[in-house]
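**Student:** For reference, the structure I am asking about is given below.
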Amino acid sequence: MKFIDQVNIEIIAGKGGDGIISFRHEHRVEKGGPFGGDGGDGGDVYFQGDSGMNTLLPIYVLKHIRGNDGQNGMTKNMYGARGKDIVVKVPFGTLVYEGNKLICDVIDDQKYLICKGGKGGRGNTKFKSSSNPAPKICENGLPGEKKQVKLELKVMADIGLVGLPSSGKSTILKLLSNAKPKIADYPFTTLVPQLGLVKYKDKSFVIADLPGLIKGAAQGKGLGIRFLKHIERCRVIAFIIDFGDENKNPINDFEILKKELKNFNENLLNKSFLIIANKKDLSNFDLNYNKFIDKYKDLDIIKICALDFNDLEILKSKLYSLYQSTKEVVIEKEPEEVYIKLEDDFVITKVYEGMYEISGKEIEKVYLRNPLNTYDNILRFNKKIKDMGIWKALIDKGICPGDTVRILDYQFIWEEE
């Protein structure tokens, strides 16, 4: 399956169902009264972590996600059904952004609310009162929340294998786990993170082979920062370094790897880590190893030959022990943008002489909520916008009888009271 770790997508929750105007009409039942039921709420949209996924490809092909609408109210005071919630499965480690604001971080299999469905409208039964026993008033359901979001995947693994190209990461992953990475005698055979499940006695842990780093990776060279971000989600880092090649310098290689991690996120060097000195079967290994331990006396180093079964079992034991001793996964969240956004209840714009437009979050909500399909509903709508101060604001703007006022797609002619 193609590896996709970043997706932009539109999400719209379900619209609330409309309330209805209905009256009871039964034989021998005088003055039956209002009988219209409420609309059901729109369905919510959730994300839920799925440990069996490691790509955002299923979301990428969707392009947009839409929730289920609530059912309209019915006669006999029957409520409309609530729209069924949509639960979208995403890989563990998925971050969800709206603009620059992090709205959720999917790190487990609980459901994360992304967009809430619109509230259902009330039927005319709810507007019955002693002064109005037969109301011809109802409400529309409100639209569900709509968001343009960016999903970014940072692979979550217990152990992350980090090294320069051709250091043996893919070979070790294949031999330790059930993964089948591409292996070849040239750099950058691993182009996407590869996950594998390692069995150790009656336990298991997840290991990830991350694409090879080169000098300047934190500035975008090679495979660049696209895959450095995945290292943030690993509990333990295992540096795999080639000690057997006479043309390589393990000390220099280790310093390059540390520098790139630090340049990307200096907190990465605070994670637990192990150095795997690979290719001990080659003649140049001992010389390089002795130079390395002279410089780094206190580091945790293990010597292996990836082709030696006994070495791999010792490595499994070492990795599992290190994984177990690191009790908590440190989740590196990106800074959340903190801001206060002030929304006007309404804004009046004079489009041209004789035409005024009213916009704003609150007035649009009032308009969408109140269907202008009966005289009673129109009176109720007029009272609401008058109570909001819109009438006075229009007069202050200099509106005259006969001028046109527009709210979204509705227009009406201004008349004096």
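We label chains A, B, ... in the order they appear in the structure tokens, count residues from 1 in each chain, and number ligands from 1 in the order shown.
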Which residues, written as a PyMOL selection string, have at least one atom at most 12 Å from region 386-397 of chain A, with only C-alpha atoms counted and residues fewer than 2 positions away on the same chain left out?
**Tutor:** chain A and resi 344-351+353-360+362-363+366+379-384+399-401+403-407+414-417
**Student:** So that I can check the surroundings of region 109-112 of chain A, please list as a list in words every protein, DNA and RNA residue that reaches within 6 Å of it, counting only C-alpha atoms and ignoring chain neighbours fewer than 5 positions away.
**Tutor:**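 Result of the neighbour search: Tyr46, Phe47, Gln48 and Gly49 of chain A.
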**Student:** Selected residues, C-alpha atoms, written as a short mmCIF file (atom, residue, chain, number, x, y, z; two decimals), in the first residue's frame, please.
**Tutor:**
data_model
loop_
_atom_site.label_atom_id
_atom_site.label_comp_id
_atom_site.auth_asym_id
_atom_site.auth_seq_id
_atom_site.Cartn_x
_atom_site.Cartn_y
_atom_site.Cartn_z
CA TYR A 46 -14.97 11.24 14.67
CA PHE A 47 -11.44 9.98 14.07
CA GLN A 48 -10.36 6.76 15.77
CA GLY A 49 -6.89 5.27 15.95
#
**Student:** If you run DSSP on the backbone, which residues of region 232-352 of chain A are helix (DSSP H, G or I), as a count of residues only?
**Tutor:** 48
**Student:** Please report as a Markdown table every residue of region 137-175 of chain A lying within 10 Å of region 308-328 of chain A, along with the nearest atom pair and their distance in Å (one decimal), using only C-alpha atoms.
**Tutor:**
| residue | atom | partner | partner_atom | distance |
| --- | --- | --- | --- | --- |
| A:Asp158 | CA | A:Tyr323 | CA | 6.7 |
| A:Ile159 | CA | A:Tyr323 | CA | 7.3 |
| A:Ile172 | CA | A:Leu312 | CA | 8.2 |
| A:Leu175 | CA | A:Leu312 | CA | 7.8 |
**Student:** Pick out the residues sitting within 12 Å of Asp286 (chain A), and hand them over as an NGL selection string; count only C-alpha atoms, and ignore anything fewer than 3 positions along from it in its own chain.
**Tutor:** :A and (242-246 or 250 or 277-283 or 289-293 or 303-304)
**Student:** List the neighbours of Phe92 (chain A) out to 7 Å using only C-alpha atoms; skip same-chain residues closer than 6 positions along the sequence, and give me the result as a PyMOL selection string.
**Tutor:** chain A and resi 49-51+106-108+156
**Student:** Just write the chosen residues, C-alpha atoms, as an mmCIF file, in the first residue's frame.
**Tutor:**
data_model
loop_
_atom_site.group_PDB
_atom_site.id
_atom_site.type_symbol
_atom_site.label_atom_id
_atom_site.label_comp_id
_atom_site.auth_asym_id
_atom_site.auth_seq_id
_atom_site.Cartn_x
_atom_site.Cartn_y
_atom_site.Cartn_z
ATOM 1 C CA GLY A 49 -6.889 5.272 15.950
ATOM 2 C CA ASP A 50 -6.335 1.883 14.287
ATOM 3 C CA SER A 51 -3.151 -0.022 15.099
ATOM 4 C CA VAL A 106 -4.669 10.415 17.758
ATOM 5 C CA ILE A 107 -2.465 8.274 19.992
ATOM 6 C CA ASP A 108 -4.916 5.497 20.974
ATOM 7 C CA MET A 156 4.447 5.450 16.323
#
**Student:** Tell me, as a VMD selection string, which residues lie within 12 Å of region 87-90 of chain A, counting only C-alpha atoms; anything in the same chain fewer than 6 positions away does not count.
**Tutor:** chain A and resid 4 to 7 11 13 43 to 60 62 64 to 68 96 105 to 115 151 to 155
**Student:** For a test of reading the model, state the distance in Å between CA of Arg233 (chain A) and CA of Lys63 (chain A), rounded to one decimal.
**Tutor:** 26.5 Å
**Student:** Separation of CA of Lys136 (chain A) and CA of His25 (chain A), in Å?
**Tutor:**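 Between CA of Lys136 (chain A) and CA of His25 (chain A) the gap works out to 15.2 Å.
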**Student:** Applying 10 Å and only C-alpha atoms, which residues near Pro34 (chain A) remain after dropping the ones on its own chain fewer than 3 positions away? List them as a PyMOL selection string.
**Tutor:** chain A and resi 20-25+31+37+75-77+123-128+133-137
